[in-house]
Structures are given as structure tokens and as C-alpha cells.
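Here is the structure we will look at, set down as C-alpha cells.
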Amino acid sequence: MRHGASPERGAVADALHQAGLLLAFSVRTGGAAARVLGRRRLSLRELLEQAWFLASVTTAPALLVTVPLGVVIALNVGAMAGQLGAEGYGGAVVAFVIVAQAAPLICALMISGVGGAAMCADLGARTIREEVEALEVMGISAAERFVVPRVFAAVLVSTALACLVMAVGIGASLGFQVFVLGEAPGAFLASLSEFSRVRDFVAAEVKAAVFGALAALVSCFKGLTTRAGPSGVGDAVNEGVVLAFILVFVANTVLTEVFAVVIPAGGRSG
């Protein structure tokens, strides 16, 4: 499972090489997931342990980011709406910013930067201790044993965390506009319900699932390809976090454009 960058490669060639290895790793993981599900060999204990760990380390930071974001959105929207005479459309902006964009991105950054770093360090430590190679020698697939449960756990936690982030972000924005800016809660909720759609929520959940899977795949890939002892683990964690961030933002751009074509813009919910 070990792969590394050759010192003779240039930066571009090395990036393409790493991208190819990651793509091959993702394909192998997909095959391993199909085998695990088909043969009913998924370790529920490992899945639940990884899901609980990810949830425990990402929930508090995600909420600490979401509350100020909701307040900032409410403050800026309230000030701009007051100048334009459109005080009742704060909920529409919140529906677009928090539900459609911010919630899945916040979850992705938490999974990549906090949970993904821990997953990469754990697998990297196992790799340099040759535990992974020992399992492979015994005929136990590292992808089935380590990667598949972590990817599934990341998807579950990311989608659940996205719902929590949406609720907290909308609540913080509503509370600030009502209790600080003195606006009517009915106007906020009316515009929120008018401009938020079930399809937007579904699109946000799909984004969160994709981002979680990408973050877990990158973290596991860098962890299982760690080299050069303990220092290599630190390098793998740093590279994994940066690579996961880049892939998340690229995937967000692609998915946003795809959803814009598949889900036409509209003001009615449903």
C-alpha cells in the first residue's frame, strides 16, 4: 500500500502521480465497499466507533463556527435590507447562504481538518509500525478493515452534522434579527419558507455526503501511504488536510453547477 513521491519528479508530475494513485485507491475502496456490503462483512463496531469519534471531535467546532456565521449574515443582511427597504427578506438570504452553501462546507472542513487529520495520523502510525502489512500478509484487506468503515462513518457524520449546522445557523440568524435588530419573526420565517425548498436541502445533504467521502478517502490514502517514520506521519497529515480542502472546494464548484442545471432556480418550496 505504500507509495511515495520520487525526488526526481517535478511538482506538476508529482501532483499528477499522486492524483492517479488517489484515483486508483478510490476505485479499490469502492470495490472493497461493494464486497463488504455484498458479503455482509461490514464491521458495525468499527463503523460506530469511527462515527462516534468523528462526531465527538467535529460537532463543537462546527457549531462554534456556525453561530458567529449566522450572526454575521443576519447583521449584514439586516443592514443592507434596511437601506433597500426589504427588511422581510432576511430569511431568503439565510436559506441560500446557510442551507445551500455554508452547512455542507462547514461539515467538510471539520471532517477534513479535524477528523481527517486524526484518521490519517492513526493509519499512518499503523503503517510505519507495519501493522497494515501484517494484516495484508494474513489475507485481511486493509481497505475492507480500515478504509470502508471510516468512509461510511464520515458520510453518516457529515450528513447528520449538516442538519445540525443548518438548524443552529438559521436559529442564530433568526434570534439576532428578532432580538437585536428588532425585526418581526413572521417576516423572516415567511421569506425563509418561500425561498427554501426541499430540493435545496437534499442538494446540501448530497454535497455533505460527497465531501465527507472525499475527506475520508484522502485521509486514509495519505495515512496508508505514509513513509519515513514518525516525521512522515506529520507530513502525511499536513498533505492530507491540504489535499482534502482543495478537493472539497473543487467538488463544491462542480456540484453547484450541476445542481443549478438539474434543479432550476425558483421561489416556491418543494
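Ordered as shown in the C-alpha cells, chains take letters A, B, and onward, while each chain numbers its residues from 1 and ligands are numbered from 1 in the order shown.
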Contacts of region 164-177 of chain A at 10 Å or less, counting only C-alpha atoms, minus same-chain residues fewer than 6 places along, as a PDB file with N, CA and C atoms, in the first residue's frame?
```pdb
ATOM      1  N   THR A  59     -18.355  18.167  16.177  1.00  0.00           N
ATOM      2  CA  THR A  59     -19.615  18.862  16.458  1.00  0.00           C
ATOM      3  C   THR A  59     -19.390  20.219  17.106  1.00  0.00           C
ATOM      4  N   ALA A  62     -17.768  22.795  14.744  1.00  0.00           N
ATOM      5  CA  ALA A  62     -18.706  23.198  13.692  1.00  0.00           C
ATOM      6  C   ALA A  62     -19.725  24.194  14.216  1.00  0.00           C
ATOM      7  N   LEU A  63     -20.245  23.949  15.412  1.00  0.00           N
ATOM      8  CA  LEU A  63     -21.228  24.868  15.983  1.00  0.00           C
ATOM      9  C   LEU A  63     -20.596  26.204  16.366  1.00  0.00           C
ATOM     10  N   LEU A  64     -19.352  26.158  16.831  1.00  0.00           N
ATOM     11  CA  LEU A  64     -18.659  27.402  17.172  1.00  0.00           C
ATOM     12  C   LEU A  64     -18.397  28.260  15.940  1.00  0.00           C
ATOM     13  N   VAL A  65     -18.281  27.626  14.789  1.00  0.00           N
ATOM     14  CA  VAL A  65     -18.140  28.378  13.541  1.00  0.00           C
ATOM     15  C   VAL A  65     -19.504  28.849  13.041  1.00  0.00           C
ATOM     16  N   THR A  66     -20.524  28.035  13.233  1.00  0.00           N
ATOM     17  CA  THR A  66     -21.843  28.331  12.670  1.00  0.00           C
ATOM     18  C   THR A  66     -22.525  29.504  13.360  1.00  0.00           C
ATOM     19  N   VAL A  67     -22.444  29.576  14.687  1.00  0.00           N
ATOM     20  CA  VAL A  67     -23.142  30.639  15.409  1.00  0.00           C
ATOM     21  C   VAL A  67     -22.653  32.029  14.999  1.00  0.00           C
ATOM     22  N   PRO A  68     -21.351  32.292  14.992  1.00  0.00           N
ATOM     23  CA  PRO A  68     -20.910  33.619  14.507  1.00  0.00           C
ATOM     24  C   PRO A  68     -21.269  33.862  13.050  1.00  0.00           C
ATOM     25  N   LEU A  69     -21.228  32.812  12.238  1.00  0.00           N
ATOM     26  CA  LEU A  69     -21.599  32.976  10.829  1.00  0.00           C
ATOM     27  C   LEU A  69     -23.050  33.415  10.704  1.00  0.00           C
ATOM     28  N   GLY A  70     -23.944  32.776  11.462  1.00  0.00           N
ATOM     29  CA  GLY A  70     -25.351  33.163  11.414  1.00  0.00           C
ATOM     30  C   GLY A  70     -25.561  34.598  11.871  1.00  0.00           C
ATOM     31  N   VAL A  71     -24.812  35.010  12.903  1.00  0.00           N
ATOM     32  CA  VAL A  71     -24.930  36.386  13.391  1.00  0.00           C
ATOM     33  C   VAL A  71     -24.413  37.374  12.358  1.00  0.00           C
ATOM     34  N   VAL A  72     -23.267  37.061  11.734  1.00  0.00           N
ATOM     35  CA  VAL A  72     -22.708  37.957  10.725  1.00  0.00           C
ATOM     36  C   VAL A  72     -23.652  38.093   9.536  1.00  0.00           C
ATOM     37  N   ILE A  73     -24.226  36.977   9.114  1.00  0.00           N
ATOM     38  CA  ILE A  73     -25.182  37.033   7.995  1.00  0.00           C
ATOM     39  C   ILE A  73     -26.377  37.895   8.363  1.00  0.00           C
ATOM     40  N   ALA A  74     -26.914  37.699   9.570  1.00  0.00           N
ATOM     41  CA  ALA A  74     -28.074  38.487  10.000  1.00  0.00           C
ATOM     42  C   ALA A  74     -27.725  39.963  10.081  1.00  0.00           C
ATOM     43  N   LEU A  75     -26.541  40.289  10.598  1.00  0.00           N
ATOM     44  CA  LEU A  75     -26.145  41.684  10.739  1.00  0.00           C
ATOM     45  C   LEU A  75     -26.004  42.364   9.382  1.00  0.00           C
ATOM     46  N   VAL A  77     -27.144  41.304   6.413  1.00  0.00           N
ATOM     47  CA  VAL A  77     -28.412  41.304   5.675  1.00  0.00           C
ATOM     48  C   VAL A  77     -29.360  42.349   6.233  1.00  0.00           C
ATOM     49  N   GLY A  78     -29.394  42.456   7.574  1.00  0.00           N
ATOM     50  CA  GLY A  78     -30.279  43.441   8.180  1.00  0.00           C
ATOM     51  C   GLY A  78     -29.910  44.860   7.797  1.00  0.00           C
ATOM     52  N   GLU A  87     -36.681  44.671   4.511  1.00  0.00           N
ATOM     53  CA  GLU A  87     -36.359  44.058   5.804  1.00  0.00           C
ATOM     54  C   GLU A  87     -36.878  42.630   5.928  1.00  0.00           C
ATOM     55  N   GLY A  90     -34.691  38.697   4.968  1.00  0.00           N
ATOM     56  CA  GLY A  90     -33.527  38.104   5.607  1.00  0.00           C
ATOM     57  C   GLY A  90     -33.549  36.589   5.554  1.00  0.00           C
ATOM     58  N   GLY A  91     -34.720  36.001   5.719  1.00  0.00           N
ATOM     59  CA  GLY A  91     -34.817  34.545   5.670  1.00  0.00           C
ATOM     60  C   GLY A  91     -34.440  33.964   4.330  1.00  0.00           C
ATOM     61  N   VAL A  94     -30.656  33.812   4.233  1.00  0.00           N
ATOM     62  CA  VAL A  94     -30.196  32.738   5.117  1.00  0.00           C
ATOM     63  C   VAL A  94     -30.422  31.373   4.469  1.00  0.00           C
ATOM     64  N   ALA A  95     -31.581  31.210   3.816  1.00  0.00           N
ATOM     65  CA  ALA A  95     -31.874  29.933   3.151  1.00  0.00           C
ATOM     66  C   ALA A  95     -30.842  29.630   2.089  1.00  0.00           C
ATOM     67  N   VAL A  97     -27.608  31.053   1.780  1.00  0.00           N
ATOM     68  CA  VAL A  97     -26.224  31.015   2.257  1.00  0.00           C
ATOM     69  C   VAL A  97     -25.985  29.818   3.170  1.00  0.00           C
ATOM     70  N   ILE A  98     -26.821  29.651   4.199  1.00  0.00           N
ATOM     71  CA  ILE A  98     -26.563  28.611   5.189  1.00  0.00           C
ATOM     72  C   ILE A  98     -26.974  27.239   4.687  1.00  0.00           C
ATOM     73  N   VAL A  99     -28.181  27.123   4.176  1.00  0.00           N
ATOM     74  CA  VAL A  99     -28.666  25.798   3.767  1.00  0.00           C
ATOM     75  C   VAL A  99     -27.938  25.305   2.526  1.00  0.00           C
ATOM     76  N   ALA A 100     -27.837  26.136   1.510  1.00  0.00           N
ATOM     77  CA  ALA A 100     -27.308  25.675   0.230  1.00  0.00           C
ATOM     78  C   ALA A 100     -25.792  25.625   0.179  1.00  0.00           C
ATOM     79  N   ALA A 102     -23.179  27.094   3.092  1.00  0.00           N
ATOM     80  CA  ALA A 102     -22.322  27.071   4.267  1.00  0.00           C
ATOM     81  C   ALA A 102     -22.360  25.741   5.015  1.00  0.00           C
ATOM     82  N   ALA A 103     -23.540  25.162   5.184  1.00  0.00           N
ATOM     83  CA  ALA A 103     -23.659  23.950   6.004  1.00  0.00           C
ATOM     84  C   ALA A 103     -22.796  22.802   5.486  1.00  0.00           C
ATOM     85  N   PRO A 104     -22.904  22.409   4.204  1.00  0.00           N
ATOM     86  CA  PRO A 104     -22.039  21.311   3.759  1.00  0.00           C
ATOM     87  C   PRO A 104     -20.562  21.656   3.779  1.00  0.00           C
ATOM     88  N   ILE A 106     -18.984  23.766   5.902  1.00  0.00           N
ATOM     89  CA  ILE A 106     -18.509  23.721   7.284  1.00  0.00           C
ATOM     90  C   ILE A 106     -18.274  22.283   7.723  1.00  0.00           C
ATOM     91  N   CYS A 107     -19.210  21.407   7.392  1.00  0.00           N
ATOM     92  CA  CYS A 107     -19.043  19.988   7.743  1.00  0.00           C
ATOM     93  C   CYS A 107     -17.818  19.397   7.068  1.00  0.00           C
ATOM     94  N   SER A 158     -21.114  13.481   8.448  1.00  0.00           N
ATOM     95  CA  SER A 158     -21.179  14.719   7.679  1.00  0.00           C
ATOM     96  C   SER A 158     -22.619  15.102   7.349  1.00  0.00           C
ATOM     97  N   GLU A 183     -36.567  43.006  14.290  1.00  0.00           N
ATOM     98  CA  GLU A 183     -37.430  42.709  13.153  1.00  0.00           C
ATOM     99  C   GLU A 183     -38.486  41.680  13.540  1.00  0.00           C
ATOM    100  N   ALA A 184     -39.537  41.612  12.754  1.00  0.00           N
ATOM    101  CA  ALA A 184     -40.632  40.680  13.043  1.00  0.00           C
ATOM    102  C   ALA A 184     -40.234  39.259  12.664  1.00  0.00           C
ATOM    103  N   PRO A 185     -40.409  38.291  13.560  1.00  0.00           N
ATOM    104  CA  PRO A 185     -40.043  36.909  13.216  1.00  0.00           C
ATOM    105  C   PRO A 185     -40.913  36.340  12.101  1.00  0.00           C
ATOM    106  N   PHE A 188     -39.370  37.035   8.658  1.00  0.00           N
ATOM    107  CA  PHE A 188     -38.186  36.198   8.447  1.00  0.00           C
ATOM    108  C   PHE A 188     -38.591  34.775   8.073  1.00  0.00           C
ATOM    109  N   LEU A 189     -39.494  34.193   8.840  1.00  0.00           N
ATOM    110  CA  LEU A 189     -39.906  32.810   8.600  1.00  0.00           C
ATOM    111  C   LEU A 189     -40.687  32.682   7.294  1.00  0.00           C
ATOM    112  N   LEU A 192     -38.132  32.756   4.551  1.00  0.00           N
ATOM    113  CA  LEU A 192     -37.359  31.520   4.638  1.00  0.00           C
ATOM    114  C   LEU A 192     -38.125  30.359   4.025  1.00  0.00           C
ATOM    115  N   PHE A 201     -32.403  21.404   0.333  1.00  0.00           N
ATOM    116  CA  PHE A 201     -31.948  20.617   1.490  1.00  0.00           C
ATOM    117  C   PHE A 201     -31.316  19.301   1.030  1.00  0.00           C
ATOM    118  N   ALA A 204     -27.948  19.954  -0.433  1.00  0.00           N
ATOM    119  CA  ALA A 204     -26.955  20.200   0.614  1.00  0.00           C
ATOM    120  C   ALA A 204     -26.518  18.897   1.277  1.00  0.00           C
TER     121      ALA A 204
END
```
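If you count only C-alpha atoms and ignore residues fewer than 3 places along the chain from Val242 (chain A), what sits within 12 Å of it is Leu109, Ser112, Gly113, Gly116, Ala117, Ala215, Val218, Ser219, Lys222, Asp235, Ala236, Val237, Asn238, Glu239, Phe245, Ile246, Leu247, Val248 and Phe249 of chain A.
Across the structure, CA of Val148 (chain A) and CA of Ala33 (chain A) are spaced 5.8 Å apart.
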